[in-house]
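Structure first, commentary second.
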4 protein chains.
Amino acid sequence: MRANVHRFSLVDPGDVSGLHEAIDAGQIDPVEIVAVIGKTHGNGLVNDYTRGYLMMSLSHLIAAKTGVTPEAVCKRVPFIFSGGVEGVLSPHYAVFTVSPGDAPPAGGGPSLAIGVAFTPKLQPQDIGRRRQIDLTAAAVEDAMAKAGIETYSDVHFVQVKGPAFTLAEIVAAASAGTPCASDNPGKLMAFGRAASALGVGKALKEITPERATEQAVLRDFTAYSSVASVSAGVEIQTNEVVVVGLSPRWSGPLTIGHVAMSDALDINAVVALARGLGFTPEPQIRADEAGRIRAAFAKCEAQRDGTVRGRPHTMLNDGDIDQQRHIRAAVGAIIASILNDTAVFVSGGAEHQGPDNGGMLAVIAEKARSRAAVE
Amino acid sequence: MRANVHRFSLVDPGDVSGLHEAIDAGQIDPVEIVAVIGKTHGNGLVNDYTRGYLMMSLSHLIAAKTGVTPEAVCKRVPFIFSGGVEGVLSPHYAVFTVSPGDAPPAGGGPSLAIGVAFTPKLQPQDIGRRRQIDLTAAAVEDAMAKAGIETYSDVHFVQVKGPAFTLAEIVAAASAGTPCASDNPGKLMAFGRAASALGVGKALKEITPERATEQAVLRDFTAYSSVASVSAGVEIQTNEVVVVGLSPRWSGPLTIGHVAMSDALDINAVVALARGLGFTPEPQIRADEAGRIRAAFAKCEAQRDGTVRGRPHTMLNDGDIDQQRHIRAAVGAIIASILNDTAVFVSGGAEHQGPDNGGMLAVIAEKARSRAAVE
Amino acid sequence: MRANVHRFSLVDPGDVSGLHEAIDAGQIDPVEIVAVIGKTHGNGLVNDYTRGYLMMSLSHLIAAKTGVTPEAVCKRVPFIFSGGVEGVLSPHYAVFTVSPGDAPPAGGGPSLAIGVAFTPKLQPQDIGRRRQIDLTAAAVEDAMAKAGIETYSDVHFVQVKGPAFTLAEIVAAASAGTPCASDNPGKLMAFGRAASALGVGKALKEITPERATEQAVLRDFTAYSSVASVSAGVEIQTNEVVVVGLSPRWSGPLTIGHVAMSDALDINAVVALARGLGFTPEPQIRADEAGRIRAAFAKCEAQRDGTVRGRPHTMLNDGDIDQQRHIRAAVGAIIASILNDTAVFVSGGAEHQGPDNGGMLAVIAEKARSRAAVE
Amino acid sequence: MRANVHRFSLVDPGDVSGLHEAIDAGQIDPVEIVAVIGKTHGNGLVNDYTRGYLMMSLSHLIAAKTGVTPEAVCKRVPFIFSGGVEGVLSPHYAVFTVSPGDAPPAGGGPSLAIGVAFTPKLQPQDIGRRRQIDLTAAAVEDAMAKAGIETYSDVHFVQVKGPAFTLAEIVAAASAGTPCASDNPGKLMAFGRAASALGVGKALKEITPERATEQAVLRDFTAYSSVASVSAGVEIQTNEVVVVGLSPRWSGPLTIGHVAMSDALDINAVVALARGLGFTPEPQIRADEAGRIRAAFAKCEAQRDGTVRGRPHTMLNDGDIDQQRHIRAAVGAIIASILNDTAVFVSGGAEHQGPDNGGMLAVIAEKARSRAAVE
């Protein structure tokens, strides 16, 4: 098997001409698309419709190119979009493909491996609860098996996208006798991210089963996964799970690494990851080297005690700009400044995703030697 | 003469307890305060009243402690506040003091030097026009002379705060037959920043007199000052000018440096400035070293062509969050991540302040050797 | 000919189940749809993608139901959406249909008549210029002829939707030697609305040809149309024109009226229009009567001198909430409170659309007697 | 005793020239000021510093004019400010004065009566709890007694302003073992408004003691006061209570009335109140009559089930504009359009203040006959 990742700029959530052209040029076989992860123009909160718009645009395109219905495409391919391109961030989407590929060369080292799975449909009252934790854990195991990744430490990135619900749906659930974990739509999104992250950590043995419980959700932040990245949106109804890691069974030009960020200012972690992937940051990666980067995924959050490195921040008291927009702008810029690449997928709300008050970063890049070999 | 800079955290624009306590403890003699520059909680746009609130709070405090009226304090001391502490930024104010001090030791090298001046009152119709350019240039020369700085290259930071006007005032000016450079309050602020920056550049010979003209305002962005930082606010009526540099005539523990930032991602410039001031960024300055930082001042702007490093950004199309808030969050975080210090004065709107689409950064720090000598 | 208007609630810009069900139930023949006008969830500014999303959703639905491509549907049917459902407003879309219908009964009085037309494609540099004025006027005449409306005063509502452009497109136009009327995306939208409104007024003889010129755009606000309502969005490239009025050649259950609003507080105008359509507002129309309302369309704007009825407002100085969002919330609520109906299409930016600082309101309702006849 | 109310426009929270001039002109004796209630420019949420700014400005002015310290003024005079002048609303403050006045004429009917009281200091952990309910009830009884109002139904308006707390303070309380009712600053403000309103209703016998309990806070919305209006802000530390009603013991030109609003569109209630005060709304009060209005105070809220009159609204799902800003813009405009007066104090968050999902409106006006007598 051979995995590839193509990243396209997104002028408008309805403009998928980048993928369209790549398909027409024969660079991507649309039947080989296994997942799409992207960063769209909206606010990344409950009333962000750019995620659904891009999903509709891409599913129609892939449907037309593969001769199935858009609904069939959506059932097969996770479309995981996070809104919010604050500051220097650039809207984009990364298309993951898997092709039969060559048999890996003997002794060639591992290559990028991808597996995908879905949970059953989740109801509003499932969000933030045991059912979401356990179904997510099962889906991660399923995706890991499909990817042929045998060792937990070879998993470097697990992207989950779960459902969000509007106030009307939350009220309806409560009226039906099944109250949700929160009656606030934004807060319920946080519950969903938290439970899903605990599910990832449970599956990957980062969190023991006794700690990966409903009681830990949004409470025990010492329980976390350092490879989980979870988003939520009103446009989907299941937890969609994409597991990305390294496996000697796969061939291909790509590798992946990840790092936990201890807080919003942990730029040293970003530099360390860059070095680990064979880059030479000074501290910024030079433009020619930066061309090796295929995608970058990060989670971050505004520190709950109202400070960063001992000084007060204002993100959690702000009635004009949501805390997630603040922190995405800040952490996104820090990562972009090292990577020399602004098409970073940065998502706020890092509950149980990376250390408390911090987050995580995963980068997919061409293998350092593959380029050296060409030169 | 001996200059010092004390920085205080700002919980609330009405809470000036930090300075209050420092005065009561004898750490600051209130008559020696020559300027205050700070970053407040508001949006940094026309309807930001946190600047005026802090000015009122500080002027009343200093008045009470020095036995004069708040009005007299405001006439003597420039209070230059910029709203907007997006992302990781922390609200704060830096108090500049000048005391008679010791005679500088022979061969001791230059120390921080400060001078202050004010232009006459500016009317709405003066903003962005020749009168503002030339009065600002004259004020810079005046402040430089007061600071005893003889060489233009020894000036490392010129902070200017000029007046902004509300729509009602702009309409009144037009009705009186003296239309303003723009009938949009936010745009007129940009005109004011631009003309003031050209005035600084003209005074410091960074821009030739033929190019520092009304015609260049918001048009010829190749004309710029790399030490100017200009803000505007409705709470003042003159251009207030603070010139900060180095002079062998001054003694004291502090030094200053500056750097031009070529664009929003120019983190290498930040690192270079840190090294120039004797820090050892890795790329982040360690916490113990970071304690030497006394203040940091930056200007930045959203790139006008809609891209950063070739990829599209969305800052200039955003109807929910002003472009200045976006770019402050991003550039502020990048600077804070290197300096390991979030109390950075970052101001948007860098017209003619640093290279086009970039900006500038000035840092005041304890001299490297002064701490070494202590150890 | 017989016109009808069906209004559907919009849960999400991707959810067009209301129309879907009406088609499936045989209540609407999709080939008879001639226009859709709606109010979506976005901010109504440049970066509002909910308009494009709804257009995609509806065009795909109608395409599937009529056996043509979505592109063909978009060429035939104007989809005119305005973002922004501030305050009590409710997202919705009104579907206009035309069926062969009965011959009008002799002496039966006029009924609702509809005509549609499109201008050729407009470039960024056409916006706010003579070309847009004249092409819009020609399209209005064309649509009026198609509607069989012979008298100008029988036209009660002309909805126009024109193109908006992002910063990147504006910069590209300038680089190509054809600078736009403004280099600010939001301001350019205002130019486009203004020129289009002048085109409507010119066509309907509300404005003499000598006054409906490029020079009048955003300058001579005494030139206006009291039936024009113009929006702009990035998702289209021509001016789409829908003319709605009364004609004795048409049959059907509906009528229409309009009123100019002299300023944002002109609630008496709303009441007068309600009475003119046979309602009995007290001042609110009772719920049973309000069921006769089929659609309501309004334009409004923040008063340019910064006051309303002599007292200052803050809409034009606000850096957190755009002036259009403020004024839509206010005027929308006033209209909704009289009509007892929150599904009002309220659009900000009323340049040359209704009296200066005011706006206009058009209401389509079942004829009063038609219901009486039933009782 | 004789009460009066003077309303001043507020250009800037630091500009109290209106009151200054009225004092200098002898129109207001500053020692007779008993309360100030106003609407400021901020967002009305946790990070709104315009309330504190205006309080500082007014307290310094009154202190200077009465020869006491600002702190002493603040202890004597409740300053109750609500941020948020969305839409057509105009920033202003109403100054309440009490002078010895004439003995009321026999048979002259009741006049405006005012009483003021303060609770002891409230801690973060008191907010939304029994202590806040009961201390507020006691303060209302105290203020009513001071006002000489003997009958509960003669109380038409009770304005309460209570403390709000930032995240840092909430975290500190939790760390100290006294967790707050919510760990979200905005939500805790809601708890405080709710408990205070229950306290008012308990004192005025609108709510039985068994129902005015901590358990009812934000749960039993059938328990409400139809005269309570409660705000919260970080700038104060006690519940400040102003009781306004009618009493035959008072003389003076003013009267007051109030009405409950059943929901956001209840314009008929506004008209009924206007008629009750002797106005002749058509439905708008003519400008000459509107001059009799001295102040108007309203509470409102976004309907919790996500609808208004059966149609969905979007206020509770919006991540860009807070629900309170939406609803103030809407209800404020409706009230202003009837009163022909935009200087309306409209405050969001009407928990237990008026019927569930609705709110209340109180208007102070010159007595109808007093003007008639003049003519």
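To be explicit about the labels: the chains of the structure tokens are called A, B, and onward in the order shown, and within each one the residues are counted from 1, while ligands get numbers from 1 in the order they are shown.
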Identify every residue of chain C that has at least one atom within 9 Å of any atom of chain A, counting only C-alpha atoms, and report the result as an mmCIF file with all heavy atoms, in the first residue's frame.
```cif
data_model
loop_
_atom_site.group_PDB
_atom_site.id
_atom_site.type_symbol
_atom_site.label_atom_id
_atom_site.label_comp_id
_atom_site.auth_asym_id
_atom_site.auth_seq_id
_atom_site.Cartn_x
_atom_site.Cartn_y
_atom_site.Cartn_z
ATOM 1 N N ASP C 12 -30.613 25.423 8.049
ATOM 2 C CA ASP C 12 -29.185 25.350 7.732
ATOM 3 C C ASP C 12 -29.096 25.661 6.239
ATOM 4 O O ASP C 12 -29.984 25.255 5.482
ATOM 5 C CB ASP C 12 -28.747 23.900 8.029
ATOM 6 C CG ASP C 12 -27.307 23.608 7.729
ATOM 7 O OD1 ASP C 12 -26.934 23.659 6.543
ATOM 8 O OD2 ASP C 12 -26.565 23.288 8.666
ATOM 9 N N PRO C 13 -28.070 26.353 5.771
ATOM 10 C CA PRO C 13 -28.038 26.667 4.336
ATOM 11 C C PRO C 13 -27.954 25.430 3.443
ATOM 12 O O PRO C 13 -28.141 25.532 2.235
ATOM 13 C CB PRO C 13 -26.780 27.529 4.187
ATOM 14 C CG PRO C 13 -26.492 28.043 5.550
ATOM 15 C CD PRO C 13 -26.967 27.006 6.503
ATOM 16 N N GLY C 14 -27.676 24.301 4.039
ATOM 17 C CA GLY C 14 -27.624 23.071 3.254
ATOM 18 C C GLY C 14 -28.912 22.271 3.349
ATOM 19 O O GLY C 14 -29.032 21.210 2.716
ATOM 20 N N HIS C 41 -27.885 32.640 7.133
ATOM 21 C CA HIS C 41 -27.349 32.734 8.490
ATOM 22 C C HIS C 41 -26.067 33.556 8.618
ATOM 23 O O HIS C 41 -25.670 33.885 9.739
ATOM 24 C CB HIS C 41 -27.031 31.330 9.019
ATOM 25 C CG HIS C 41 -28.190 30.389 9.039
ATOM 26 N ND1 HIS C 41 -28.776 29.898 7.900
ATOM 27 C CD2 HIS C 41 -28.884 29.845 10.074
ATOM 28 C CE1 HIS C 41 -29.776 29.090 8.225
ATOM 29 N NE2 HIS C 41 -29.861 29.036 9.517
ATOM 30 N N GLY C 42 -25.399 33.861 7.541
ATOM 31 C CA GLY C 42 -24.085 34.495 7.612
ATOM 32 C C GLY C 42 -24.125 35.940 8.050
ATOM 33 O O GLY C 42 -25.160 36.459 8.468
ATOM 34 N N ASN C 47 -17.188 38.072 3.612
ATOM 35 C CA ASN C 47 -16.881 36.673 3.929
ATOM 36 C C ASN C 47 -18.113 35.898 4.415
ATOM 37 O O ASN C 47 -18.043 35.131 5.370
ATOM 38 C CB ASN C 47 -15.752 36.586 4.956
ATOM 39 C CG ASN C 47 -16.159 37.150 6.309
ATOM 40 O OD1 ASN C 47 -16.902 38.126 6.372
ATOM 41 N ND2 ASN C 47 -15.681 36.555 7.375
ATOM 42 N N ASP C 48 -19.218 36.109 3.749
ATOM 43 C CA ASP C 48 -20.430 35.342 4.051
ATOM 44 C C ASP C 48 -20.604 34.284 2.970
ATOM 45 O O ASP C 48 -20.918 34.597 1.832
ATOM 46 C CB ASP C 48 -21.633 36.285 4.094
ATOM 47 C CG ASP C 48 -22.914 35.546 4.450
ATOM 48 O OD1 ASP C 48 -22.917 34.304 4.466
ATOM 49 O OD2 ASP C 48 -23.918 36.223 4.706
ATOM 50 N N TYR C 49 -20.387 33.036 3.349
ATOM 51 C CA TYR C 49 -20.459 31.944 2.392
ATOM 52 C C TYR C 49 -21.785 31.192 2.472
ATOM 53 O O TYR C 49 -21.996 30.220 1.745
ATOM 54 C CB TYR C 49 -19.274 30.995 2.606
ATOM 55 C CG TYR C 49 -17.955 31.711 2.449
ATOM 56 C CD1 TYR C 49 -17.224 32.130 3.549
ATOM 57 C CD2 TYR C 49 -17.483 32.043 1.181
ATOM 58 C CE1 TYR C 49 -16.040 32.833 3.399
ATOM 59 C CE2 TYR C 49 -16.298 32.741 1.025
ATOM 60 C CZ TYR C 49 -15.582 33.133 2.141
ATOM 61 O OH TYR C 49 -14.413 33.837 1.978
ATOM 62 N N THR C 50 -22.676 31.641 3.350
ATOM 63 C CA THR C 50 -23.963 30.947 3.458
ATOM 64 C C THR C 50 -24.832 31.203 2.233
ATOM 65 O O THR C 50 -25.681 30.382 1.903
ATOM 66 C CB THR C 50 -24.722 31.377 4.728
ATOM 67 O OG1 THR C 50 -24.968 32.787 4.694
ATOM 68 C CG2 THR C 50 -23.929 31.031 5.973
ATOM 69 N N GLY C 52 -23.715 31.410 -0.936
ATOM 70 C CA GLY C 52 -23.291 30.460 -1.967
ATOM 71 C C GLY C 52 -23.709 29.037 -1.639
ATOM 72 O O GLY C 52 -24.040 28.243 -2.531
ATOM 73 N N TYR C 53 -23.689 28.740 -0.349
ATOM 74 C CA TYR C 53 -24.055 27.389 0.095
ATOM 75 C C TYR C 53 -25.525 27.122 -0.221
ATOM 76 O O TYR C 53 -25.879 26.064 -0.777
ATOM 77 C CB TYR C 53 -23.783 27.303 1.598
ATOM 78 C CG TYR C 53 -23.899 25.958 2.249
ATOM 79 C CD1 TYR C 53 -24.066 24.774 1.536
ATOM 80 C CD2 TYR C 53 -23.809 25.862 3.637
ATOM 81 C CE1 TYR C 53 -24.159 23.549 2.184
ATOM 82 C CE2 TYR C 53 -23.894 24.642 4.289
ATOM 83 C CZ TYR C 53 -24.079 23.491 3.559
ATOM 84 O OH TYR C 53 -24.171 22.283 4.203
ATOM 85 N N LEU C 54 -26.381 28.081 0.087
ATOM 86 C CA LEU C 54 -27.807 27.879 -0.194
ATOM 87 C C LEU C 54 -28.058 27.808 -1.698
ATOM 88 O O LEU C 54 -28.875 27.010 -2.165
ATOM 89 C CB LEU C 54 -28.635 29.002 0.446
ATOM 90 C CG LEU C 54 -30.140 28.921 0.223
ATOM 91 C CD1 LEU C 54 -30.727 27.592 0.679
ATOM 92 C CD2 LEU C 54 -30.847 30.078 0.930
ATOM 93 N N MET C 56 -26.024 26.663 -3.918
ATOM 94 C CA MET C 56 -25.615 25.329 -4.353
ATOM 95 C C MET C 56 -26.683 24.300 -3.974
ATOM 96 O O MET C 56 -27.054 23.434 -4.784
ATOM 97 C CB MET C 56 -24.271 24.969 -3.711
ATOM 98 C CG MET C 56 -23.714 23.644 -4.217
ATOM 99 S SD MET C 56 -22.087 23.285 -3.486
ATOM 100 C CE MET C 56 -21.608 21.880 -4.509
ATOM 101 N N SER C 57 -27.173 24.406 -2.748
ATOM 102 C CA SER C 57 -28.159 23.431 -2.269
ATOM 103 C C SER C 57 -29.434 23.474 -3.117
ATOM 104 O O SER C 57 -29.966 22.432 -3.528
ATOM 105 C CB SER C 57 -28.507 23.720 -0.803
ATOM 106 O OG SER C 57 -27.359 23.724 0.003
ATOM 107 N N GLU C 235 -20.759 35.151 -4.767
ATOM 108 C CA GLU C 235 -21.111 33.896 -5.426
ATOM 109 C C GLU C 235 -21.708 34.077 -6.824
ATOM 110 O O GLU C 235 -21.999 33.088 -7.490
ATOM 111 C CB GLU C 235 -22.063 33.090 -4.537
ATOM 112 C CG GLU C 235 -23.412 33.713 -4.280
ATOM 113 C CD GLU C 235 -23.384 34.805 -3.208
ATOM 114 O OE1 GLU C 235 -22.279 35.155 -2.755
ATOM 115 O OE2 GLU C 235 -24.448 35.318 -2.863
ATOM 116 N N ASP C 320 -16.529 46.198 16.413
ATOM 117 C CA ASP C 320 -16.858 44.812 16.752
ATOM 118 C C ASP C 320 -18.005 44.265 15.914
ATOM 119 O O ASP C 320 -17.985 43.108 15.514
ATOM 120 C CB ASP C 320 -17.230 44.706 18.237
ATOM 121 C CG ASP C 320 -16.095 45.146 19.133
ATOM 122 O OD1 ASP C 320 -14.969 44.670 18.905
ATOM 123 O OD2 ASP C 320 -16.330 45.967 20.030
ATOM 124 N N ILE C 321 -19.016 45.083 15.690
ATOM 125 C CA ILE C 321 -20.180 44.647 14.922
ATOM 126 C C ILE C 321 -20.366 45.624 13.765
ATOM 127 O O ILE C 321 -20.441 46.831 13.973
ATOM 128 C CB ILE C 321 -21.450 44.640 15.806
ATOM 129 C CG1 ILE C 321 -21.283 43.680 16.986
ATOM 130 C CG2 ILE C 321 -22.676 44.278 14.987
ATOM 131 C CD1 ILE C 321 -22.486 43.648 17.914
#
```
inquiry  = Set the distance at 8 Å and use only C-alpha atoms: which residues neighbour segment 26-34 of chain C once local chain neighbours fewer than 3 positions away are removed? I'd like the list as a list in words.
reply    = Ala22, Ile23, Ile62, Lys65, Thr66, Arg76, Val77, Pro78, Val95, Phe96, Thr97, Val98, Ser99 and Val116 of chain C
task = Among the residues of segment 1-203 of chain D, find those DSSP assigns to helix (DSSP H, G or I) from the backbone and print them as an NGL selection string.
result = :D and (17-24 or 30-32 or 50-66 or 70-76 or 124-126 or 130-147 or 152-154 or 167-175 or 185-203)
ask   = Running DSSP on the backbone, which parts of segment 229-288 of chain B land in strand (DSSP E or B), as a list in words?
value = Ser229, Val230, Ser231, Ala232, Gly233, Thr238, Asn239, Glu240, Val241, Val242, Val243, Val244, Gly245, Leu246, Ser247, Ser251, Leu254, Thr255, Ile256, Gly257, His258, Val259, Ala260 and Met261 of chain B
Include N, CA and C atoms and write out the residues we just selected as an mmCIF file, in the first residue's frame.
```cif
data_model
loop_
_atom_site.group_PDB
_atom_site.id
_atom_site.type_symbol
_atom_site.label_atom_id
_atom_site.label_comp_id
_atom_site.auth_asym_id
_atom_site.auth_seq_id
_atom_site.Cartn_x
_atom_site.Cartn_y
_atom_site.Cartn_z
ATOM 1 N N SER B 229 6.577 53.862 15.587
ATOM 2 C CA SER B 229 5.409 53.094 15.997
ATOM 3 C C SER B 229 4.331 54.107 16.330
ATOM 4 N N VAL B 230 3.247 54.089 15.571
ATOM 5 C CA VAL B 230 2.232 55.140 15.711
ATOM 6 C C VAL B 230 0.878 54.523 16.008
ATOM 7 N N SER B 231 0.200 55.084 16.974
ATOM 8 C CA SER B 231 -1.159 54.684 17.293
ATOM 9 C C SER B 231 -2.047 55.929 17.238
ATOM 10 N N ALA B 232 -3.333 55.701 17.279
ATOM 11 C CA ALA B 232 -4.258 56.836 17.293
ATOM 12 C C ALA B 232 -5.422 56.496 18.200
ATOM 13 N N GLY B 233 -5.985 57.517 18.812
ATOM 14 C CA GLY B 233 -7.115 57.281 19.697
ATOM 15 C C GLY B 233 -7.907 58.552 19.900
ATOM 16 N N THR B 238 -3.337 65.951 20.337
ATOM 17 C CA THR B 238 -2.070 66.318 19.703
ATOM 18 C C THR B 238 -1.321 65.036 19.360
ATOM 19 N N ASN B 239 -0.275 65.153 18.568
ATOM 20 C CA ASN B 239 0.642 64.030 18.423
ATOM 21 C C ASN B 239 1.620 64.069 19.585
ATOM 22 N N GLU B 240 1.603 63.013 20.368
ATOM 23 C CA GLU B 240 2.531 62.889 21.481
ATOM 24 C C GLU B 240 3.692 62.021 21.019
ATOM 25 N N VAL B 241 4.911 62.463 21.273
ATOM 26 C CA VAL B 241 6.091 61.809 20.708
ATOM 27 C C VAL B 241 7.060 61.420 21.822
ATOM 28 N N VAL B 242 7.440 60.143 21.825
ATOM 29 C CA VAL B 242 8.439 59.660 22.773
ATOM 30 C C VAL B 242 9.589 59.064 21.963
ATOM 31 N N VAL B 243 10.776 59.659 22.105
ATOM 32 C CA VAL B 243 11.966 59.173 21.405
ATOM 33 C C VAL B 243 12.832 58.402 22.402
ATOM 34 N N VAL B 244 13.176 57.169 22.024
ATOM 35 C CA VAL B 244 13.989 56.327 22.898
ATOM 36 C C VAL B 244 15.210 55.826 22.115
ATOM 37 N N GLY B 245 16.369 55.969 22.723
ATOM 38 C CA GLY B 245 17.580 55.530 22.038
ATOM 39 C C GLY B 245 18.711 55.314 23.022
ATOM 40 N N LEU B 246 19.919 55.423 22.501
ATOM 41 C CA LEU B 246 21.108 55.206 23.323
ATOM 42 C C LEU B 246 21.988 56.451 23.289
ATOM 43 N N SER B 247 22.558 56.765 24.432
ATOM 44 C CA SER B 247 23.440 57.930 24.491
ATOM 45 C C SER B 247 24.514 57.697 25.539
ATOM 46 N N SER B 251 23.428 57.348 32.076
ATOM 47 C CA SER B 251 23.831 56.143 32.793
ATOM 48 C C SER B 251 22.593 55.287 33.022
ATOM 49 N N LEU B 254 19.894 50.045 31.521
ATOM 50 C CA LEU B 254 19.109 49.562 30.386
ATOM 51 C C LEU B 254 19.735 49.865 29.039
ATOM 52 N N THR B 255 19.362 49.012 28.069
ATOM 53 C CA THR B 255 19.748 49.240 26.678
ATOM 54 C C THR B 255 18.532 48.990 25.803
ATOM 55 N N ILE B 256 18.666 49.284 24.527
ATOM 56 C CA ILE B 256 17.554 49.096 23.591
ATOM 57 C C ILE B 256 18.097 48.694 22.232
ATOM 58 N N GLY B 257 17.324 47.913 21.510
ATOM 59 C CA GLY B 257 17.648 47.578 20.131
ATOM 60 C C GLY B 257 16.377 47.510 19.325
ATOM 61 N N HIS B 258 16.511 47.494 18.018
ATOM 62 C CA HIS B 258 15.315 47.359 17.189
ATOM 63 C C HIS B 258 15.655 46.581 15.934
ATOM 64 N N VAL B 259 14.598 46.124 15.274
ATOM 65 C CA VAL B 259 14.781 45.390 14.032
ATOM 66 C C VAL B 259 13.560 45.627 13.157
ATOM 67 N N ALA B 260 13.771 45.677 11.876
ATOM 68 C CA ALA B 260 12.647 45.721 10.933
ATOM 69 C C ALA B 260 12.171 44.295 10.690
ATOM 70 N N MET B 261 10.858 44.119 10.609
ATOM 71 C CA MET B 261 10.323 42.792 10.267
ATOM 72 C C MET B 261 9.822 42.870 8.831
#
```
query = Hey, what's within 7 Å of Ala228 of chain A if we count only C-alpha atoms and toss same-chain stuff fewer than 3 positions away? As number ranges by chain, please?
reply = A: 157-159, 197, 200, 225, 353
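What separates atom CA of Ile207 of chain A from atom CA of Asp266 of chain A is a distance of 23.2 Å.
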key: Gap from atom CA of Glu301 of chain C to atom CA of His92 of chain D - Å, one decimal   =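 So the answer is 22.3 Å.
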ask   = Can you tell me, as a VMD selection string, what residues are no more than 12 Å from Ala350 of chain C when counting only C-alpha atoms, ignoring any on the same chain fewer than 6 positions away?
value = chain C and resid 189 to 198 218 221 224 to 232 260 to 264 298 to 304 323 to 324 327 to 328 356 to 361
inquiry  = Using only C-alpha atoms, which protein or nucleic acid residues come within 10 Å of segment 284-295 of chain B? Drop anything in the same chain fewer than 5 positions from it, and give the result as a PyMOL selection string.
reply    = (chain A and resi 265-268+271+283+309) or (chain B and resi 4-7+37-38+92-95+254-256+271+274-275+277-279+335-341+343-345+362-368+370-371)
Selected residues, C-alpha atoms, written as a compact mmCIF listing (two decimals), in the first residue's frame, please.
```txt
# COMPACT_ATOMS: atom_id res chain seq x y z
CA LEU A 265 4.17 29.36 23.77
CA ASP A 266 5.93 26.01 23.39
CA ILE A 267 7.80 26.95 20.24
CA ASN A 268 10.74 24.78 21.25
CA VAL A 271 11.41 23.27 16.43
CA PRO A 283 14.52 28.81 13.70
CA ARG A 309 3.60 31.92 31.50
CA ASN B 4 14.41 53.44 33.82
CA VAL B 5 11.39 51.47 32.65
CA HIS B 6 8.96 49.69 34.96
CA ARG B 7 6.30 47.46 33.51
CA ILE B 37 3.12 53.33 27.01
CA GLY B 38 0.64 50.53 27.42
CA HIS B 92 0.24 46.07 30.71
CA TYR B 93 1.78 49.51 30.87
CA ALA B 94 5.42 50.55 30.86
CA VAL B 95 6.35 53.59 32.93
CA LEU B 254 19.11 49.56 30.39
CA THR B 255 19.75 49.24 26.68
CA ILE B 256 17.55 49.10 23.59
CA VAL B 271 15.74 36.02 17.02
CA ALA B 274 17.30 38.92 20.81
CA ARG B 275 20.86 37.81 20.06
CA LEU B 277 20.73 42.25 22.97
CA GLY B 278 22.81 39.44 24.43
CA PHE B 279 20.11 36.81 24.82
CA ILE B 335 7.29 37.69 19.20
CA ALA B 336 6.08 36.44 22.59
CA SER B 337 7.16 32.90 21.76
CA ILE B 338 10.76 33.99 21.17
CA LEU B 339 10.97 36.53 23.99
CA ASN B 340 9.17 34.20 26.42
CA ASP B 341 7.20 37.27 27.43
CA ALA B 343 3.52 41.64 27.79
CA VAL B 344 4.39 42.86 24.31
CA PHE B 345 3.01 46.13 22.99
CA ALA B 362 12.05 47.38 19.60
CA VAL B 363 13.07 45.77 22.87
CA ILE B 364 14.29 47.45 26.04
CA ALA B 365 16.31 45.18 28.29
CA GLU B 366 18.72 45.23 31.13
CA LYS B 367 22.24 45.28 29.75
CA ALA B 368 23.61 41.76 29.50
CA SER B 370 24.89 44.31 34.27
CA ARG B 371 23.31 41.03 35.26
```
query = Could you pull the residues within 9 Å of Arg130 of chain A, counting only C-alpha atoms, minus those fewer than 6 positions along the same chain, as a ChimeraX atom specification?
reply = /A:195,212-215
